[in-house]
>>> print(open('my_file.cif').read())   # mmCIF, C-alpha atoms
data_target
#
loop_
_atom_site.label_atom_id
_atom_site.label_comp_id
_atom_site.auth_asym_id
_atom_site.auth_seq_id
_atom_site.Cartn_x
_atom_site.Cartn_y
_atom_site.Cartn_z
CA MET A 1 95.29 115.28 107.16
CA THR A 2 97.35 113.42 104.64
CA GLU A 3 100.58 115.33 105.34
CA ARG A 4 100.98 113.41 108.58
CA ARG A 5 100.81 110.07 106.82
CA ILE A 6 103.52 107.73 107.92
CA THR A 7 106.06 106.08 105.65
CA THR A 8 106.08 102.33 105.24
CA ALA A 9 109.59 102.24 106.73
CA ALA A 10 108.35 103.89 109.92
CA ALA A 11 105.37 101.52 110.16
CA PHE A 12 107.79 98.62 109.65
CA ARG A 13 109.98 99.86 112.50
CA ALA A 14 106.96 100.40 114.74
CA THR A 15 105.77 96.82 114.15
CA LEU A 16 109.23 95.36 114.72
CA ALA A 17 109.68 97.39 117.92
CA ARG A 18 106.25 96.33 119.17
CA ASP A 19 106.86 92.63 118.63
CA LEU A 20 110.27 92.78 120.30
CA LEU A 21 108.73 94.66 123.22
CA ILE A 22 106.01 92.02 123.60
CA ALA A 23 108.66 89.28 123.53
CA TYR A 24 110.69 91.15 126.13
CA LYS A 25 107.65 91.46 128.38
CA ARG A 26 106.74 87.81 127.95
CA LYS A 27 110.14 86.43 128.79
CA ASN A 28 109.05 82.82 128.44
CA ASP A 29 108.70 83.48 124.70
CA ILE A 30 112.46 83.88 124.64
CA ILE A 31 113.49 81.37 127.27
CA ASN A 32 111.21 78.43 126.45
CA PRO A 33 112.30 77.78 122.84
CA PHE A 34 115.91 78.11 123.89
CA MET A 35 115.55 75.71 126.83
CA PHE A 36 113.68 73.31 124.54
CA PHE A 37 116.57 73.47 122.08
CA LEU A 38 119.08 72.68 124.85
CA ILE A 39 117.02 69.80 126.19
CA VAL A 40 116.36 68.16 122.80
CA ALA A 41 120.04 68.41 121.89
CA THR A 42 120.92 66.82 125.24
CA LEU A 43 118.51 63.92 124.73
CA PHE A 44 120.39 62.56 121.73
CA PRO A 45 123.56 61.50 123.60
CA ILE A 46 121.33 59.84 126.21
CA GLY A 47 119.20 58.10 123.61
CA ILE A 48 121.87 57.05 121.13
CA SER A 49 125.25 56.69 122.73
CA PRO A 50 127.62 58.80 124.80
CA ASP A 51 130.49 57.58 122.64
CA PRO A 52 132.35 60.77 121.48
CA GLN A 53 133.16 59.27 118.10
CA ARG A 54 129.55 58.48 117.20
CA LEU A 55 128.28 61.75 118.68
CA GLY A 56 130.71 63.74 116.58
CA GLU A 57 129.28 62.13 113.45
CA ILE A 58 125.67 62.99 114.21
CA ALA A 59 126.29 66.33 115.96
CA ALA A 60 125.42 68.53 112.97
CA GLY A 61 122.14 66.72 112.34
CA VAL A 62 121.23 66.82 116.02
CA LEU A 63 121.81 70.56 116.19
CA TRP A 64 119.84 71.23 113.04
CA ILE A 65 116.86 69.11 114.09
CA SER A 66 116.86 70.68 117.55
CA ALA A 67 116.92 74.14 115.99
CA LEU A 68 114.06 73.16 113.68
CA LEU A 69 111.92 71.86 116.55
CA ALA A 70 112.67 74.92 118.68
CA ALA A 71 111.60 77.20 115.84
CA MET A 72 108.43 75.13 115.46
CA LEU A 73 107.60 75.35 119.16
CA SER A 74 107.80 79.14 119.22
CA MET A 75 106.08 79.59 115.88
CA ASP A 76 102.55 79.68 117.19
CA ASN A 77 103.20 82.94 119.04
CA LEU A 78 103.73 84.69 115.76
CA TYR A 79 100.12 85.58 114.96
CA ARG A 80 98.07 83.78 117.60
CA ALA A 81 97.80 86.53 120.22
CA ASP A 82 97.30 89.17 117.54
CA TYR A 83 94.50 87.13 116.03
CA GLU A 84 92.76 86.71 119.35
CA ASP A 85 92.95 90.33 120.49
CA GLY A 86 92.13 91.86 117.09
CA SER A 87 95.54 93.43 116.43
CA LEU A 88 95.83 91.31 113.31
CA GLU A 89 92.77 92.99 111.82
CA GLN A 90 94.39 96.35 112.46
CA LEU A 91 97.55 95.14 110.75
CA LEU A 92 95.55 94.00 107.70
CA LEU A 93 93.77 97.35 107.55
CA SER A 94 96.95 99.42 107.56
CA PRO A 95 97.53 101.34 104.33
CA HIS A 96 100.99 99.82 103.97
CA PRO A 97 101.92 96.71 101.99
CA LEU A 98 101.25 93.73 104.22
CA TYR A 99 104.49 92.20 102.94
CA PHE A 100 106.58 94.57 105.07
CA MET A 101 104.43 94.18 108.16
CA VAL A 102 104.71 90.39 107.94
CA LEU A 103 108.45 90.67 107.31
CA ALA A 104 108.82 92.80 110.44
CA LYS A 105 107.02 90.17 112.51
CA ASN A 106 109.15 87.39 111.01
CA ILE A 107 112.38 89.25 111.72
CA SER A 108 111.26 89.79 115.29
CA HIS A 109 110.46 86.10 115.61
CA TRP A 110 113.90 85.13 114.36
CA LEU A 111 115.68 87.59 116.65
CA VAL A 112 113.80 86.15 119.62
CA SER A 113 113.84 82.42 118.86
CA GLY A 114 116.44 81.82 116.13
CA LEU A 115 119.36 84.03 117.05
CA PRO A 116 119.86 82.64 120.59
CA VAL A 117 120.00 79.14 119.11
CA VAL A 118 122.60 80.23 116.56
CA LEU A 119 124.70 81.90 119.24
CA ALA A 120 124.55 78.89 121.55
CA SER A 121 125.28 76.35 118.81
CA PRO A 122 129.09 76.22 119.29
CA LEU A 123 128.49 75.36 122.95
CA ILE A 124 126.24 72.42 122.11
CA ALA A 125 128.61 71.43 119.32
CA TYR A 126 131.34 71.18 121.95
CA MET A 127 129.12 69.02 124.14
CA LEU A 128 128.41 66.73 121.18
CA ASN A 129 132.10 66.49 120.34
CA LEU A 130 131.80 68.02 116.86
CA PRO A 131 135.31 68.43 115.39
CA THR A 132 136.41 72.00 116.08
CA ASP A 133 137.37 72.83 112.47
CA VAL A 134 133.69 72.75 111.38
CA TYR A 135 132.34 75.04 114.13
CA PHE A 136 132.46 77.92 111.71
CA ALA A 137 130.59 75.96 109.04
CA LEU A 138 127.91 74.97 111.55
CA PHE A 139 127.55 78.51 112.85
CA MET A 140 127.28 80.03 109.38
CA THR A 141 124.75 77.48 108.11
CA LEU A 142 122.57 78.01 111.16
CA LEU A 143 122.89 81.78 110.79
CA LEU A 144 121.66 81.58 107.19
CA GLY A 145 119.23 78.70 107.71
CA THR A 146 117.26 79.61 110.84
CA PRO A 147 115.77 82.79 109.30
CA VAL A 148 114.46 80.59 106.48
CA LEU A 149 112.77 78.38 109.10
CA SER A 150 111.06 81.45 110.61
CA LEU A 151 109.95 82.73 107.20
CA LEU A 152 108.58 79.37 106.03
CA GLY A 153 106.98 78.59 109.37
CA SER A 154 105.18 81.90 109.22
CA ILE A 155 103.24 80.67 106.18
CA GLY A 156 102.03 77.63 108.11
CA VAL A 157 101.02 79.72 111.12
CA ALA A 158 99.23 82.23 108.92
CA LEU A 159 97.26 79.42 107.29
CA THR A 160 96.22 77.82 110.58
CA VAL A 161 95.73 80.84 112.84
CA GLY A 162 91.99 80.95 112.23
CA LEU A 163 91.39 77.32 113.12
CA GLY A 164 89.91 76.62 116.51
CA SER A 165 91.89 73.53 117.48
CA ARG A 166 95.06 73.29 115.48
CA GLY A 167 96.97 70.61 117.33
CA LEU A 168 99.76 69.24 115.19
CA ILE A 169 98.54 70.57 111.85
CA LEU A 170 101.12 73.35 112.02
CA ALA A 171 103.99 70.86 112.26
CA VAL A 172 102.49 68.75 109.48
CA ILE A 173 102.40 71.75 107.16
CA THR A 174 105.69 73.35 108.13
CA LEU A 175 108.15 70.50 108.71
CA PRO A 176 108.07 69.15 105.11
CA MET A 177 108.73 72.67 103.82
CA SER A 178 111.84 72.83 105.99
CA VAL A 179 113.42 69.69 104.57
CA PRO A 180 115.52 71.42 101.85
CA VAL A 181 117.04 73.75 104.44
CA LEU A 182 117.78 70.81 106.71
CA ILE A 183 119.49 68.93 103.87
CA ALA A 184 121.59 71.92 102.82
CA GLY A 185 122.54 72.74 106.39
CA THR A 186 123.64 69.28 107.49
CA MET A 187 125.29 68.48 104.15
CA ALA A 188 127.37 71.65 104.41
CA VAL A 189 128.75 70.59 107.79
CA GLN A 190 129.34 66.96 106.71
CA GLN A 191 131.09 67.93 103.48
CA THR A 192 133.27 70.51 105.21
CA LEU A 193 134.26 67.75 107.59
CA ASN A 194 135.38 65.74 104.53
CA GLY A 195 137.43 68.67 103.28
CA ALA A 196 135.09 70.15 100.67
CA PRO A 197 134.89 73.95 100.42
CA LEU A 198 132.10 75.53 102.42
CA THR A 199 131.30 78.38 100.06
CA ALA A 200 129.12 76.38 97.65
CA TYR A 201 126.78 75.29 100.45
CA LEU A 202 126.69 78.77 101.93
CA ALA A 203 125.74 80.07 98.50
CA ILE A 204 122.86 77.56 98.32
CA LEU A 205 121.65 78.50 101.81
CA GLY A 206 122.06 82.17 100.99
CA ALA A 207 119.96 81.69 97.86
CA MET A 208 117.30 79.90 99.93
CA LEU A 209 117.31 82.80 102.39
CA LEU A 210 116.96 85.41 99.66
CA ALA A 211 114.20 83.47 97.93
CA SER A 212 112.26 83.08 101.16
CA ILE A 213 112.71 86.74 102.14
CA THR A 214 111.20 87.80 98.83
CA LEU A 215 108.48 85.16 98.50
CA ALA A 216 107.51 83.79 101.93
CA PRO A 217 106.08 87.04 103.37
CA LEU A 218 103.88 87.36 100.28
CA ALA A 219 102.53 83.87 100.91
CA SER A 220 102.09 84.63 104.63
CA ALA A 221 100.25 87.84 103.82
CA ALA A 222 97.89 86.06 101.43
CA ALA A 223 97.34 83.29 103.98
CA LEU A 224 96.54 85.83 106.71
CA ARG A 225 93.91 87.45 104.50
CA ILE A 226 92.29 84.05 104.01
CA SER A 227 92.46 83.16 107.70
CA ILE A 228 90.87 86.39 108.86
CA ASN A 229 88.02 86.06 106.36
CA MET B 230 81.43 108.76 100.18
CA LEU B 231 80.74 105.06 100.75
CA THR B 232 78.11 103.33 98.67
CA ALA B 233 77.08 99.71 98.72
CA ASN B 234 75.08 98.26 95.89
CA ALA B 235 73.10 95.02 95.98
CA LEU B 236 75.25 93.36 98.62
CA CYS B 237 74.57 89.72 99.12
CA CYS B 238 76.17 87.50 101.68
CA GLU B 239 75.73 83.82 102.32
CA ARG B 240 77.36 82.05 105.21
CA ASP B 241 77.20 78.33 105.92
CA ASP B 242 74.33 77.93 103.39
CA ARG B 243 72.34 80.62 105.14
CA ILE B 244 71.60 83.92 103.47
CA LEU B 245 72.50 86.71 105.89
CA PHE B 246 71.30 89.53 103.67
CA ARG B 247 70.59 90.08 99.99
CA HIS B 248 70.04 93.10 97.74
CA LEU B 249 71.31 95.37 100.46
CA SER B 250 72.02 98.87 99.18
CA PHE B 251 72.81 102.02 101.08
CA GLU B 252 74.76 105.19 100.82
CA LEU B 253 76.79 106.86 103.52
CA GLY B 254 77.53 110.51 102.86
CA GLU B 255 79.84 112.99 104.53
CA GLY B 256 78.59 114.06 107.94
CA GLU B 257 76.27 111.08 108.31
CA VAL B 258 75.94 108.51 111.03
CA LEU B 259 74.50 105.17 109.99
CA GLN B 260 73.40 102.74 112.64
CA VAL B 261 73.18 99.11 111.59
CA GLN B 262 70.50 97.26 113.51
CA GLY B 263 69.47 93.67 113.59
CA SER B 264 68.92 90.76 115.90
CA ASN B 265 71.78 88.55 117.09
CA GLY B 266 73.24 86.62 114.21
CA SER B 267 71.66 88.81 111.55
CA GLY B 268 75.04 89.61 110.03
CA LYS B 269 75.90 93.03 111.45
CA THR B 270 79.52 92.22 112.16
CA THR B 271 79.84 90.39 108.84
CA LEU B 272 78.51 93.44 107.04
CA LEU B 273 81.03 95.73 108.73
CA ARG B 274 83.89 93.36 108.00
CA ILE B 275 82.81 93.17 104.36
CA LEU B 276 82.80 96.95 104.12
CA CYS B 277 86.31 97.12 105.63
CA GLY B 278 87.62 94.58 103.19
CA LEU B 279 88.33 91.97 105.86
CA ASN B 280 85.72 89.59 104.53
CA GLU B 281 85.57 88.79 100.85
CA GLY B 282 82.71 86.30 100.81
CA TYR B 283 80.06 88.53 99.28
CA GLN B 284 78.54 89.61 96.01
CA GLY B 285 77.76 93.16 95.03
CA ALA B 286 79.70 96.38 94.71
CA ILE B 287 81.19 98.67 97.32
CA ARG B 288 82.45 102.02 96.18
CA TRP B 289 84.48 104.70 97.89
CA TYR B 290 83.90 108.11 96.33
CA GLY B 291 82.51 106.42 93.26
CA GLU B 292 85.42 104.05 92.66
CA ALA B 293 85.71 100.39 93.52
CA ILE B 294 87.71 99.93 96.73
CA ALA B 295 89.91 97.25 95.19
CA ASP B 296 91.36 99.92 92.87
CA GLN B 297 92.38 102.22 95.73
CA VAL B 298 92.97 100.07 98.76
CA GLU B 299 95.72 102.24 100.24
CA ASN B 300 93.64 105.37 99.91
CA PHE B 301 90.66 103.70 101.51
CA PHE B 302 92.62 102.19 104.39
CA ALA B 303 94.27 105.53 105.10
CA SER B 304 90.82 107.08 105.59
CA LEU B 305 89.36 104.20 107.58
CA LEU B 306 89.35 103.53 111.28
CA TYR B 307 87.83 100.19 112.25
CA ILE B 308 87.34 99.08 115.81
CA GLY B 309 85.99 95.59 115.84
CA HIS B 310 84.47 93.34 118.42
CA ARG B 311 88.02 92.34 119.31
CA VAL B 312 89.41 95.77 119.92
CA GLY B 313 93.05 95.23 119.01
CA VAL B 314 94.58 95.91 122.41
CA ASN B 315 97.47 93.66 123.35
CA LYS B 316 97.17 92.53 126.96
CA VAL B 317 100.89 92.53 127.75
CA LEU B 318 101.56 96.04 126.53
CA THR B 319 100.51 99.24 128.26
CA PRO B 320 97.85 101.53 126.75
CA LEU B 321 100.59 103.93 125.67
CA GLU B 322 102.57 101.20 123.89
CA ASN B 323 99.43 99.80 122.28
CA LEU B 324 98.43 103.13 120.83
CA ARG B 325 101.96 103.97 119.74
CA TRP B 326 101.79 100.95 117.47
CA SER B 327 98.19 100.94 116.30
CA CYS B 328 98.22 104.67 115.54
CA SER B 329 101.58 104.55 113.82
CA LEU B 330 100.19 102.09 111.29
CA GLN B 331 98.35 105.04 109.82
CA GLN B 332 100.07 108.25 110.82
CA GLN B 333 102.90 109.80 112.75
CA VAL B 334 101.87 110.30 116.31
CA SER B 335 103.51 111.88 119.33
CA ASP B 336 103.37 110.48 122.85
CA GLY B 337 101.81 113.77 123.93
CA ALA B 338 98.82 113.25 121.64
CA ILE B 339 98.38 109.69 122.91
CA LEU B 340 98.56 110.69 126.57
CA ALA B 341 96.06 113.50 125.97
CA ALA B 342 93.66 111.09 124.25
CA LEU B 343 93.99 108.54 127.06
CA ALA B 344 93.36 111.23 129.68
CA GLU B 345 90.31 112.37 127.72
CA PHE B 346 88.92 108.84 127.93
CA GLY B 347 89.45 108.68 131.67
CA LEU B 348 92.61 106.60 131.65
CA ARG B 349 94.92 109.10 133.30
CA GLY B 350 97.18 107.15 135.64
CA PHE B 351 96.72 103.91 133.70
CA GLU B 352 99.07 104.82 130.83
CA GLU B 353 101.83 102.58 132.15
CA SER B 354 99.74 99.68 133.49
CA GLN B 355 99.74 96.51 131.45
CA CYS B 356 96.40 96.06 129.73
CA PHE B 357 95.56 92.72 131.38
CA THR B 358 95.23 94.61 134.65
CA LEU B 359 92.55 96.84 133.12
CA SER B 360 88.85 96.03 133.01
CA ALA B 361 87.06 95.23 129.77
CA GLY B 362 85.56 98.70 129.69
CA GLN B 363 88.95 100.30 130.19
CA GLN B 364 90.42 98.22 127.37
CA GLN B 365 87.55 99.36 125.18
CA ARG B 366 88.45 102.93 126.13
CA VAL B 367 92.07 102.36 125.10
CA ALA B 368 90.87 101.35 121.64
CA LEU B 369 88.38 104.21 121.47
CA ALA B 370 91.14 106.72 122.31
CA ARG B 371 92.27 106.15 118.74
CA LEU B 372 89.19 108.04 117.60
CA LEU B 373 90.70 111.17 119.12
CA ILE B 374 94.13 110.69 117.57
CA ASN B 375 93.37 109.30 114.14
CA PRO B 376 92.25 111.75 111.45
CA ALA B 377 90.39 109.00 109.55
CA ARG B 378 87.21 110.22 107.89
CA LEU B 379 85.28 106.98 108.01
CA TRP B 380 84.76 105.28 111.33
CA ILE B 381 83.45 101.73 111.35
CA LEU B 382 82.64 100.68 114.90
CA ASP B 383 81.34 97.28 115.93
CA GLU B 384 79.41 97.42 119.20
CA PRO B 385 81.54 100.21 120.69
CA PHE B 386 79.10 100.83 123.54
CA THR B 387 78.86 97.33 125.03
CA THR B 388 81.33 97.59 127.90
CA LEU B 389 81.20 101.34 128.51
CA ASP B 390 79.63 102.93 131.60
CA SER B 391 77.00 105.64 131.19
CA ASP B 392 79.58 108.43 131.21
CA GLY B 393 81.55 106.62 128.51
CA VAL B 394 78.40 106.17 126.43
CA ALA B 395 77.63 109.88 126.61
CA GLN B 396 81.21 110.75 125.77
CA LEU B 397 81.30 108.44 122.76
CA GLU B 398 77.96 109.73 121.47
CA ASN B 399 79.35 113.21 121.77
CA LEU B 400 82.43 112.19 119.83
CA LEU B 401 80.33 110.65 117.04
CA ARG B 402 78.31 113.87 116.85
CA GLN B 403 81.42 116.01 116.59
CA HIS B 404 82.91 113.74 113.94
CA ALA B 405 79.76 113.96 111.83
CA GLN B 406 79.59 117.72 112.26
CA SER B 407 83.14 118.08 110.98
CA GLY B 408 82.25 116.14 107.84
CA GLY B 409 83.26 112.63 108.85
CA SER B 410 81.11 109.54 108.55
CA VAL B 411 80.30 106.83 111.03
CA LEU B 412 79.00 103.33 110.55
CA VAL B 413 78.10 101.76 113.86
CA THR B 414 76.36 98.66 115.12
CA THR B 415 74.76 98.82 118.51
CA HIS B 416 71.64 97.78 120.36
CA HIS B 417 71.92 100.95 122.34
CA LYS B 418 69.49 103.71 121.41
CA LEU B 419 71.59 106.52 119.98
CA SER B 420 70.46 110.05 120.79
CA LEU B 421 71.98 111.52 117.68
CA SER B 422 70.28 113.46 114.97
CA PRO B 423 70.32 113.12 112.09
CA LEU B 424 70.71 109.38 112.36
CA GLU B 425 70.14 106.93 109.57
CA ILE B 426 69.16 103.40 110.44
CA LEU B 427 69.80 100.29 108.40
CA SER B 428 67.94 97.23 109.56
CA LEU B 429 69.11 93.77 108.62
CA ASP B 430 66.04 91.90 109.88
#
>>> encode(input="my_file.cif", output="C-alpha cells")
Amino acid sequence: MTERRITTAAAFRATLARDLLIAYKRKNDIINPFMFFLIVATLFPIGISPDPQRLGEIAAGVLWISALLAAMLSMDNLYRADYEDGSLEQLLLSPHPLYFMVLAKNISHWLVSGLPVVLASPLIAYMLNLPTDVYFALFMTLLLGTPVLSLLGSIGVALTVGLGSRGLILAVITLPMSVPVLIAGTMAVQQTLNGAPLTAYLAILGAMLLASITLAPLASAAALRISIN
Amino acid sequence: MLTANALCCERDDRILFRHLSFELGEGEVLQVQGSNGSGKTTLLRILCGLNEGYQGAIRWYGEAIADQVENFFASLLYIGHRVGVNKVLTPLENLRWSCSLQQQVSDGAILAALAEFGLRGFEESQCFTLSAGQQQRVALARLLINPARLWILDEPFTTLDSDGVAQLENLLRQHAQSGGSVLVTTHHKLSLSPLEILSLD
C-alpha cells in the first residue's frame, strides 16, 4: 500500500491546480477583485482633484491602497468554500506538512487576484499621470509586495473562517498587518521619484516577501487547526 | 490498532462523555450510537485529530498519535458530515484532488470507482447539479480508491437510497474482511456481523 504514497511536491501541485481550476470555473473570483481595483483607483481623481500635477503626486499611494483593498476583497474566498464543504478537513488530514498545502493555496490566490493588478498597474499609473520614469519602480514594488498581502491576509482568513458572521473583522485583523508593506511600497516609488536608488527598497520588500513566505503559511496552518477545532 | 483510553470531552460547560475507553482491532467494525447531540461527531473528530478539546489518550498501534501524525494520516480516511466535495468542480476533478492528497491515483481508477457507485455519465457534471445523495456517493467513491486501513465515517448512510445503503454495507464488510477497520456513526441498523457497538448515551 505504502509504495503508492504520493510525494509532498505532487500533493502541492495537485492543490495548486485544483484552486486555479476552481478560480477558472468561478470567473467572478478573477474579474471582481480586478474590477474593484480599477474602480477604486478611478474614484481618487474624482474625489480629490483631476489636476494632473496633484494626481501624479498621490498616484503611487492610490495604486497601493487600491491593490490592498482588492486583495482584501478576494481574501475571503481563500478558505471559506473549503470550510463549508468539508474540503478543509481533508486538507488538514493529509499526511503532508500543512505548510505546503497552505502555500499552494496562497500562491493560487496571488496568481488569481494579485498578478492581474500588478500587470494592469502601468495602465492605471498612466491614467493617474505618474511620471513615466518610476513605472518600473511601481511595477517591481507591486510585484514583490502583493504576494506579501496574500500571505498575510491568509492568516486573518484562517483565523476567522470558523466564525459564523465575520463582517469586517477580517479587515480589522489584516489591514494593520499590511501597513509595513504599504510604507515600503509607496516610499520606494516616492524616493525613486526624488532620484534615490530603487535597489534598497526592493531589497526591503524582497526581505519582507521571503520572511512572509517562510513564516506566514506556518501561522495560517496553525490558525486553520484552531478554526476547525 | 486504535485504542482510546479514558476519553473525556466537555463542550460549552456540558460533559459530552467521560471515561470513554474502547479498542478497535483489525477487521472490526465499530458503530457509535447515541441520541442527537450526544457527541458522536465530536468523538470522531477527536479521533481524527481535528478536535483537540479532550482529555485522555488515543493510541495508534500502541503509540500516541501525536508522535506519528504522518503515519496515522496516511492510514486514515475520514468522511465527515460535510463530505468534502467542491460544488464547482466535477466528481472527477474532486476525486483527483482529494485522493492525490494521500496517494498517486489514475483517472482510470477514479472513473471505475465513480461507475461502481452509480455515477457513470456524471463524471463531467459540476457537483452543484448533483443531488445530495449523489454528492455523498462522490465522497464515498474514495473508499474504493484509497488504500487507507482505518475508515472513520460520520453518518455515511443519511442521504443514500436503499441500493446505496446495501452497497456501502457490503463495502464495509469487505473492508473488515480484508483486515481494515471501520468506525461509523449511524442511526441506521447495520446488518453486519461481527459488529461492535459503542453507545454514548
>>> atom_distance(input="my_file.cif", atom1="CA of Ala286 in chain B", atom2="CA of Gln331 in chain B")
25.5 Å
>>> resolve_selection(input="my_file.cif", expression="the PyMOL selection byres ((chain A and resi 174) around 12)", output="ChimeraX atom specification")
/A:68-69,71-73,75-76,148-160,168-173,175-181
>>> residues_around(input="my_file.cif", residues="range 399-407 of chain B", least_positions_apart="5", cutoff="7 Å", atoms="all atoms listed in the file", output="PyMOL selection string")
chain B and resi 256-258+421
>>> atom_distance(input="my_file.cif", atom1="CA of Gly206 in chain A", atom2="CA of Ala188 in chain A")
12.3 Å
>>> closest_atom_pairs(input="my_file.cif", of="range 329-363 of chain B", to="range 17-36 of chain A", cutoff="12 Å", atoms="only C-alpha atoms", output="JSON lines")
{"residue": "B:Ser329", "atom": "CA", "partner": "A:Arg18", "partner_atom": "CA", "distance": 10.9}
{"residue": "B:Leu330", "atom": "CA", "partner": "A:Arg18", "partner_atom": "CA", "distance": 11.5}
{"residue": "B:Gln355", "atom": "CA", "partner": "A:Lys25", "partner_atom": "CA", "distance": 9.9}
>>> atom_distance(input="my_file.cif", atom1="CA of Leu78 in chain A", atom2="CA of Asn315 in chain B")
13.3 Å
>>> residues_around(input="my_file.cif", residues="range 380-383 of chain B", least_positions_apart="3", cutoff="6 Å", atoms="all atoms listed in the file", output="ChimeraX atom specification")
/B:306-310,411-414
>>> closest_atom_pairs(input="my_file.cif", of="chain B", to="chain A", cutoff="9 Å", atoms="all atoms listed in the file", output="JSON lines")
{"residue": "B:Arg274", "atom": "CA", "partner": "A:Asn229", "partner_atom": "CA", "distance": 8.5}
{"residue": "B:Cys277", "atom": "CA", "partner": "A:Leu93", "partner_atom": "CA", "distance": 7.7}
{"residue": "B:Gly278", "atom": "CA", "partner": "A:Leu93", "partner_atom": "CA", "distance": 8.0}
{"residue": "B:Leu279", "atom": "CA", "partner": "A:Asn229", "partner_atom": "CA", "distance": 5.9}
{"residue": "B:Asn280", "atom": "CA", "partner": "A:Asn229", "partner_atom": "CA", "distance": 4.6}
{"residue": "B:Glu281", "atom": "CA", "partner": "A:Asn229", "partner_atom": "CA", "distance": 6.6}
{"residue": "B:Gly282", "atom": "CA", "partner": "A:Asn229", "partner_atom": "CA", "distance": 7.7}
{"residue": "B:Val298", "atom": "CA", "partner": "A:Pro95", "partner_atom": "CA", "distance": 7.3}
{"residue": "B:Glu299", "atom": "CA", "partner": "A:Pro95", "partner_atom": "CA", "distance": 4.6}
{"residue": "B:Asn300", "atom": "CA", "partner": "A:Pro95", "partner_atom": "CA", "distance": 7.1}
{"residue": "B:Phe301", "atom": "CA", "partner": "A:Pro95", "partner_atom": "CA", "distance": 7.8}
{"residue": "B:Phe302", "atom": "CA", "partner": "A:Pro95", "partner_atom": "CA", "distance": 5.0}
{"residue": "B:Ala303", "atom": "CA", "partner": "A:Pro95", "partner_atom": "CA", "distance": 5.4}
{"residue": "B:Ser304", "atom": "CA", "partner": "A:Pro95", "partner_atom": "CA", "distance": 8.9}
{"residue": "B:Leu305", "atom": "CA", "partner": "A:Leu93", "partner_atom": "CA", "distance": 8.1}
{"residue": "B:Leu306", "atom": "CA", "partner": "A:Leu93", "partner_atom": "CA", "distance": 8.5}
{"residue": "B:Tyr307", "atom": "CA", "partner": "A:Gln90", "partner_atom": "CA", "distance": 7.6}
{"residue": "B:Ile308", "atom": "CA", "partner": "A:Gln90", "partner_atom": "CA", "distance": 8.3}
{"residue": "B:Gly309", "atom": "CA", "partner": "A:Gly86", "partner_atom": "CA", "distance": 7.3}
{"residue": "B:His310", "atom": "CA", "partner": "A:Gly86", "partner_atom": "CA", "distance": 7.9}
{"residue": "B:Arg311", "atom": "CA", "partner": "A:Gly86", "partner_atom": "CA", "distance": 4.7}
{"residue": "B:Val312", "atom": "CA", "partner": "A:Gly86", "partner_atom": "CA", "distance": 5.5}
{"residue": "B:Gly313", "atom": "CA", "partner": "A:Gly86", "partner_atom": "CA", "distance": 4.0}
{"residue": "B:Val314", "atom": "CA", "partner": "A:Asp85", "partner_atom": "CA", "distance": 6.1}
{"residue": "B:Asn315", "atom": "CA", "partner": "A:Asp85", "partner_atom": "CA", "distance": 6.3}
{"residue": "B:Lys316", "atom": "CA", "partner": "A:Asp85", "partner_atom": "CA", "distance": 8.0}
{"residue": "B:Val317", "atom": "CA", "partner": "A:Ile22", "partner_atom": "CA", "distance": 6.6}
{"residue": "B:Leu318", "atom": "CA", "partner": "A:Ile22", "partner_atom": "CA", "distance": 6.7}
{"residue": "B:Glu322", "atom": "CA", "partner": "A:Arg18", "partner_atom": "CA", "distance": 7.7}
{"residue": "B:Asn323", "atom": "CA", "partner": "A:Arg18", "partner_atom": "CA", "distance": 8.3}
{"residue": "B:Arg325", "atom": "CA", "partner": "A:Ala14", "partner_atom": "CA", "distance": 7.9}
{"residue": "B:Trp326", "atom": "CA", "partner": "A:Ala14", "partner_atom": "CA", "distance": 5.9}
{"residue": "B:Ser327", "atom": "CA", "partner": "A:Gln90", "partner_atom": "CA", "distance": 7.1}
{"residue": "B:Ser329", "atom": "CA", "partner": "A:Ala11", "partner_atom": "CA", "distance": 6.1}
{"residue": "B:Leu330", "atom": "CA", "partner": "A:Ala11", "partner_atom": "CA", "distance": 5.3}
{"residue": "B:Gln331", "atom": "CA", "partner": "A:Ile6", "partner_atom": "CA", "distance": 6.1}
{"residue": "B:Gln332", "atom": "CA", "partner": "A:Arg5", "partner_atom": "CA", "distance": 4.5}
{"residue": "B:Gln333", "atom": "CA", "partner": "A:Ile6", "partner_atom": "CA", "distance": 5.3}
{"residue": "B:Val334", "atom": "CA", "partner": "A:Arg4", "partner_atom": "CA", "distance": 8.4}
{"residue": "B:Pro376", "atom": "CA", "partner": "A:Met1", "partner_atom": "CA", "distance": 6.3}
{"residue": "B:Ala377", "atom": "CA", "partner": "A:Met1", "partner_atom": "CA", "distance": 8.3}
>>> residues_around(input="my_file.cif", residues="Pro217 in chain A", least_positions_apart="3", cutoff="8 Å", atoms="all atoms listed in the file", output="list in words")
Tyr99, Phe100, Val102, Leu103, Leu151, Ser154, Ile155, Ser212, Ile213, Thr214, Ser220 and Ala221 of chain A
>>> residues_around(input="my_file.cif", residues="Ser264 in chain B", least_positions_apart="6", cutoff="9 Å", atoms="all atoms listed in the file", output="PyMOL selection string")
chain B and resi 416+429-430
>>> residues_near_point(input="my_file.cif", point="(88.7, 98.1, 135.0)", cutoff="12 Å", atoms="only C-alpha atoms", output="list of chain:residue names")
B:Gly347, B:Leu348, B:Phe351, B:Ser354, B:Gln355, B:Cys356, B:Phe357, B:Thr358, B:Leu359, B:Ser360, B:Ala361, B:Gly362, B:Gln363, B:Gln364, B:Gln365, B:Arg366, B:Val367, B:Thr388, B:Leu389, B:Asp390
>>> resolve_selection(input="my_file.cif", expression="the PyMOL selection byres ((chain B and resi 284) around 6)", output="PyMOL selection string")
chain B and resi 236-237+283+285
>>> write_last_selection(input="my_file.cif", atoms="C-alpha atoms", output="short mmCIF file (atom, residue, chain, number, x, y, z; two decimals), in the frame of the given file")
data_model
loop_
_atom_site.label_atom_id
_atom_site.label_comp_id
_atom_site.auth_asym_id
_atom_site.auth_seq_id
_atom_site.Cartn_x
_atom_site.Cartn_y
_atom_site.Cartn_z
CA LEU B 236 75.25 93.36 98.62
CA CYS B 237 74.57 89.72 99.12
CA TYR B 283 80.06 88.53 99.28
CA GLY B 285 77.76 93.16 95.03
#
>>> residues_around(input="my_file.cif", residues="range 119-126 of chain A", least_positions_apart="6", cutoff="10 Å", atoms="all atoms listed in the file", output="number ranges by chain")
A: 34, 37-38, 41-42, 55-56, 59-60, 62-64, 67, 132, 134-136, 138-139, 142-143
